[in-house]
Every structure is written in C-alpha cells, then in structure tokens.
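Novice: Next comes the structure file start06.pdb, holding PDB, C-alpha atoms, pLDDT in the B column.
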```pdb
ATOM      1  CA  MET A   1     -18.118  13.224 -16.645  1.00 79.00           C
ATOM      2  CA  ARG A   2     -14.556  11.988 -16.131  1.00 87.00           C
ATOM      3  CA  LYS A   3     -12.400  13.213 -13.298  1.00 91.00           C
ATOM      4  CA  ARG A   4      -8.598  12.778 -13.079  1.00 94.00           C
ATOM      5  CA  VAL A   5      -7.517  11.131  -9.819  1.00 97.00           C
ATOM      6  CA  TRP A   6      -4.408   9.369  -8.538  1.00 97.00           C
ATOM      7  CA  CYS A   7      -4.084   5.676  -7.917  1.00 98.00           C
ATOM      8  CA  VAL A   8      -1.224   5.103  -5.494  1.00 98.00           C
ATOM      9  CA  THR A   9      -0.012   1.497  -5.509  1.00 98.00           C
ATOM     10  CA  ILE A  10       2.095   0.211  -2.618  1.00 97.00           C
ATOM     11  CA  ARG A  11       3.859  -3.158  -2.774  1.00 94.00           C
ATOM     12  CA  ILE A  12       4.870  -4.714   0.546  1.00 93.00           C
ATOM     13  CA  LYS A  13       4.956  -8.135   2.210  1.00 89.00           C
ATOM     14  CA  ARG A  14       2.380  -9.511   4.608  1.00 88.00           C
ATOM     15  CA  SER A  15       4.999  -9.828   7.347  1.00 87.00           C
ATOM     16  CA  ASP A  16       6.007  -6.131   7.214  1.00 91.00           C
ATOM     17  CA  LYS A  17       5.365  -4.275  10.466  1.00 91.00           C
ATOM     18  CA  SER A  18       5.065  -0.673  11.574  1.00 88.00           C
ATOM     19  CA  TRP A  19       5.346  -0.111  15.315  1.00 85.00           C
ATOM     20  CA  LYS A  20       4.672  -3.828  15.989  1.00 89.00           C
ATOM     21  CA  LYS A  21       1.467  -3.734  13.932  1.00 93.00           C
ATOM     22  CA  PRO A  22       0.974  -5.174  10.432  1.00 94.00           C
ATOM     23  CA  LEU A  23       1.978  -2.418   8.010  1.00 95.00           C
ATOM     24  CA  HIS A  24      -1.067  -2.860   5.781  1.00 96.00           C
ATOM     25  CA  LYS A  25      -3.426  -2.383   8.762  1.00 96.00           C
ATOM     26  CA  ARG A  26      -1.557   0.712   9.911  1.00 96.00           C
ATOM     27  CA  LEU A  27      -1.718   2.178   6.414  1.00 97.00           C
ATOM     28  CA  ILE A  28      -5.469   1.524   6.127  1.00 98.00           C
ATOM     29  CA  GLU A  29      -6.095   3.159   9.533  1.00 97.00           C
ATOM     30  CA  PHE A  30      -3.978   6.161   8.527  1.00 98.00           C
ATOM     31  CA  LEU A  31      -5.864   6.544   5.242  1.00 98.00           C
ATOM     32  CA  MET A  32      -9.261   6.285   6.953  1.00 98.00           C
ATOM     33  CA  GLU A  33      -8.245   8.858   9.579  1.00 98.00           C
ATOM     34  CA  ASN A  34      -7.315  11.210   6.741  1.00 98.00           C
ATOM     35  CA  LYS A  35     -10.631  10.624   4.956  1.00 98.00           C
ATOM     36  CA  ILE A  36      -9.154   9.230   1.750  1.00 98.00           C
ATOM     37  CA  ALA A  37     -11.795   8.213  -0.807  1.00 96.00           C
ATOM     38  CA  GLY A  38     -10.845   4.536  -0.936  1.00 97.00           C
ATOM     39  CA  ALA A  39      -8.191   1.858  -0.521  1.00 98.00           C
ATOM     40  CA  THR A  40      -8.023  -1.868  -1.149  1.00 97.00           C
ATOM     41  CA  VAL A  41      -5.518  -4.441   0.092  1.00 97.00           C
ATOM     42  CA  TRP A  42      -4.771  -7.330  -2.273  1.00 94.00           C
ATOM     43  CA  THR A  43      -2.868 -10.457  -1.288  1.00 87.00           C
ATOM     44  CA  GLY A  44      -0.674 -12.100  -3.884  1.00 82.00           C
ATOM     45  CA  VAL A  45       0.158 -15.773  -4.155  1.00 74.00           C
ATOM     46  CA  ASP A  46       3.731 -15.328  -5.355  1.00 74.00           C
ATOM     47  CA  GLY A  47       6.166 -12.597  -6.209  1.00 74.00           C
ATOM     48  CA  PHE A  48       9.675 -11.247  -5.946  1.00 74.00           C
ATOM     49  CA  GLY A  49      11.479  -7.964  -5.529  1.00 71.00           C
ATOM     50  CA  LYS A  50      14.524  -6.398  -3.959  1.00 70.00           C
ATOM     51  CA  ARG A  51      13.947  -8.489  -0.817  1.00 66.00           C
ATOM     52  CA  HIS A  52      13.864 -11.780  -2.748  1.00 64.00           C
ATOM     53  CA  ARG A  53      11.020 -14.120  -3.647  1.00 61.00           C
ATOM     54  CA  SER A  54       8.067 -14.810  -1.355  1.00 61.00           C
ATOM     55  CA  THR A  55       8.622 -18.526  -0.852  1.00 57.00           C
ATOM     56  CA  ILE A  56       8.196 -19.274   2.849  1.00 55.00           C
ATOM     57  CA  GLN A  57       5.414 -21.861   2.930  1.00 58.00           C
ATOM     58  CA  LEU A  58       3.834 -23.947   5.676  1.00 59.00           C
ATOM     59  CA  GLU A  59       1.414 -26.581   4.431  1.00 62.00           C
ATOM     60  CA  GLY A  60       0.534 -24.524   1.357  1.00 60.00           C
ATOM     61  CA  ILE A  61       0.225 -21.204   3.190  1.00 61.00           C
ATOM     62  CA  THR A  62       2.767 -18.548   2.301  1.00 56.00           C
ATOM     63  CA  ASN A  63       3.758 -16.589   5.399  1.00 66.00           C
ATOM     64  CA  ASP A  64       5.545 -13.822   3.550  1.00 75.00           C
ATOM     65  CA  MET A  65       2.969 -13.192   0.820  1.00 82.00           C
ATOM     66  CA  PRO A  66       3.245 -10.147  -1.403  1.00 87.00           C
ATOM     67  CA  MET A  67       0.580  -7.520  -0.745  1.00 92.00           C
ATOM     68  CA  ILE A  68      -0.619  -4.607  -2.832  1.00 95.00           C
ATOM     69  CA  LEU A  69      -2.498  -1.604  -1.494  1.00 97.00           C
ATOM     70  CA  GLU A  70      -4.342   0.530  -4.040  1.00 98.00           C
ATOM     71  CA  ILE A  71      -5.352   3.985  -2.880  1.00 98.00           C
ATOM     72  CA  VAL A  72      -7.542   6.322  -4.931  1.00 97.00           C
ATOM     73  CA  ASP A  73      -8.283   9.997  -4.343  1.00 97.00           C
ATOM     74  CA  GLU A  74      -7.651  13.497  -5.638  1.00 97.00           C
ATOM     75  CA  PRO A  75      -3.985  14.391  -6.153  1.00 97.00           C
ATOM     76  CA  SER A  76      -4.196  17.331  -3.737  1.00 96.00           C
ATOM     77  CA  LYS A  77      -5.333  15.080  -0.878  1.00 97.00           C
ATOM     78  CA  LEU A  78      -2.829  12.313  -1.549  1.00 97.00           C
ATOM     79  CA  GLU A  79       0.144  14.553  -2.254  1.00 97.00           C
ATOM     80  CA  ARG A  80       0.203  15.937   1.299  1.00 97.00           C
ATOM     81  CA  LEU A  81       0.113  12.400   2.780  1.00 98.00           C
ATOM     82  CA  LEU A  82       2.833  10.856   0.592  1.00 97.00           C
ATOM     83  CA  PRO A  83       5.770  11.813   2.865  1.00 96.00           C
ATOM     84  CA  GLN A  84       4.087  10.164   5.873  1.00 96.00           C
ATOM     85  CA  ILE A  85       3.173   7.071   3.861  1.00 96.00           C
ATOM     86  CA  LYS A  86       6.741   6.804   2.557  1.00 95.00           C
ATOM     87  CA  ARG A  87       8.071   6.984   6.147  1.00 94.00           C
ATOM     88  CA  MET A  88       5.711   4.173   7.204  1.00 94.00           C
ATOM     89  CA  ILE A  89       6.767   1.992   4.277  1.00 94.00           C
ATOM     90  CA  ASN A  90      10.450   2.884   4.737  1.00 89.00           C
ATOM     91  CA  ASP A  91      12.594   0.404   2.780  1.00 86.00           C
ATOM     92  CA  ASN A  92       9.972  -2.354   3.076  1.00 84.00           C
ATOM     93  CA  GLY A  93       8.244  -1.677  -0.182  1.00 89.00           C
ATOM     94  CA  ILE A  94       7.782   0.434  -3.241  1.00 93.00           C
ATOM     95  CA  MET A  95       5.170   3.046  -4.049  1.00 96.00           C
ATOM     96  CA  THR A  96       4.029   4.113  -7.523  1.00 97.00           C
ATOM     97  CA  ILE A  97       1.548   6.760  -8.603  1.00 97.00           C
ATOM     98  CA  HIS A  98      -0.662   6.586 -11.673  1.00 97.00           C
ATOM     99  CA  GLU A  99      -3.073   9.199 -12.898  1.00 96.00           C
ATOM    100  CA  VAL A 100      -6.390   7.558 -13.799  1.00 95.00           C
ATOM    101  CA  ASP A 101      -9.881   8.570 -14.861  1.00 93.00           C
ATOM    102  CA  GLU A 102     -12.678   8.212 -12.346  1.00 87.00           C
ATOM    103  CA  VAL A 103     -15.870   7.428 -14.226  1.00 84.00           C
TER     104      VAL A 103
END
```
Just dump the structure as structure tokens.

Specialist:
Amino acid sequence: MRKRVWCVTIRIKRSDKSWKKPLHKRLIEFLMENKIAGATVWTGVDGFGKRHRSTIQLEGITNDMPMILEIVDEPSKLERLLPQIKRMINDNGIMTIHEVDEV
C-alpha cells in the first residue's frame, strides 16, 4: 500500500555553521531529537547558487562542497518543524518540499 509523505530537500554548503557547529550535523541532531523517520546527507562534488560556485580546492579537495540533506516523514510531523529548520538554515541555503509515495 502506498502512503503519501514529504521529502524535504535542503541545499547548503559544507562550511555552513550553526552556533559554531557544522549546520548539517546540527540539523541531523535536531531531526533525530524530534524522531523524524529518516534523513540523509549527500556531499556534492560541484555546484553553484546564490552564493556563487563551490570552487575552493586544496589538492583536489573542495572545502566548500555543496551538501544536500533529504528528510522524509509524514507532512504533519515535518510541517511543525519547518519554521525551526528554516531559522537554522537562515540565508545559507534553500529548502524545497516534494510530496512522494512511500512504498
């Protein structure tokens, strides 16, 4: 049986911080504390956005890599957390929401 859930996608950079801690780690901790069904952090190799292209490289390692967090759960659970997530992200990234089928 299919179930409609939300997939929240957050695009940030690896160097983004929240209270002196990597933003992606703070987001994962927040989501776990709130018992969200699941989240994955993906690291990109290249990208660009409103804060320019991720091009800072040291011996082949990009310091300012693009990162994507994918969060999946029921809309009712995620909807109440979105304002807090948006405050954590601030102007550092962009968040999109897609309705998907859980199978």

Novice: Using all atoms listed in the file, determine which residues lie at most 10 Å from Lys50 of chain A, disregarding the query and same-chain residues fewer than 6 positions distant; provide the list as a VMD selection string.

Specialist: chain A and resid 91 to 94

Novice: Rank nothing, just name the residue among A:Ile28, A:Leu23, A:Val103, A:Ile36 nearest to Glu79 of chain A, using all atoms listed in the file.

Specialist: A:Ile36

Novice: Enclose all atoms of segment 23-38 of chain A listed in the file in an axis-aligned box, grow every side by 6 Å, and hand back centre and edge lengths in Å to one decimal, as AutoDock Vina command-line options.

Specialist:
```
--center_x -4.9 --center_y 4.2 --center_z 4.5 --size_x 25.8 --size_y 26.1 --size_z 22.8
```

Novice: Out of A:Glu70, A:Asp46, A:Asp64, A:Glu99, which residue has the shortest atom-to-atom distance to Leu27 of chain A when counting all atoms listed in the file?

Specialist: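 For Leu27 of chain A, the nearest of the given residues is A:Glu70.
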
Novice: Taking the file above as input, evaluate the PyMOL selection byres ((chain A and resi 82) around 12) and report the hits as a ChimeraX atom specification.

Specialist: /A:6,8-10,27,30-31,34,71,75-81,83-90,95-97

Novice: What does the distance between atom CA of Thr43 of chain A and atom CA of Leu69 of chain A come to in Å, to one decimal place?

Specialist: 8.9 Å

Novice: Record the distance separating atom CA of Asp101 of chain A and atom CA of Thr40 of chain A, expressed in Å with one decimal.

Specialist: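 Interatomic distance here is 17.3 Å.
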
Novice: Please, what distance in Å, to one decimal, runs between atom CA of Lys13 of chain A and atom CA of Met65 of chain A?

Specialist: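 Straight-line distance from atom CA of Lys13 of chain A to atom CA of Met65 of chain A works out to 5.6 Å.
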
Novice: Residues within 6 Å of Ile68 of chain A, please, as JSON, numbers by chain. Count only C-alpha atoms; anything in the same chain fewer than 4 positions from it doesn't count.

Specialist: {"A": [10, 11, 41, 42]}

Novice: Between A:Gly49, A:Gly44, A:Lys21, A:Ala37, which has the minimum distance to Glu102 of chain A (counting only C-alpha atoms)?

Specialist: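 When distances to Glu102 of chain A are compared using only C-alpha atoms, the smallest one comes from A:Ala37.
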
Novice: As a check of understanding, name the residues that the PyMOL selection byres ((chain A and resi 4) around 6) selects in the supplied structure, as a VMD selection string.

Specialist: chain A and resid 3 5 100 to 101

Novice: Store the residues picked out above in a file with C-alpha atoms, as a short mmCIF file (atom, residue, chain, number, x, y, z; two decimals), in the coordinates of the input.

Specialist:
```
data_model
loop_
_atom_site.label_atom_id
_atom_site.label_comp_id
_atom_site.auth_asym_id
_atom_site.auth_seq_id
_atom_site.Cartn_x
_atom_site.Cartn_y
_atom_site.Cartn_z
CA LYS A 3 -12.40 13.21 -13.30
CA VAL A 5 -7.52 11.13 -9.82
CA VAL A 100 -6.39 7.56 -13.80
CA ASP A 101 -9.88 8.57 -14.86
#
```

Novice: With distances taken over all atoms listed in the file, which residue among A:Arg2, A:His98, A:His24, A:Lys35 lies nearest Pro66 of chain A?

Specialist: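 That would be A:His24, the residue with the smallest distance to Pro66 of chain A.
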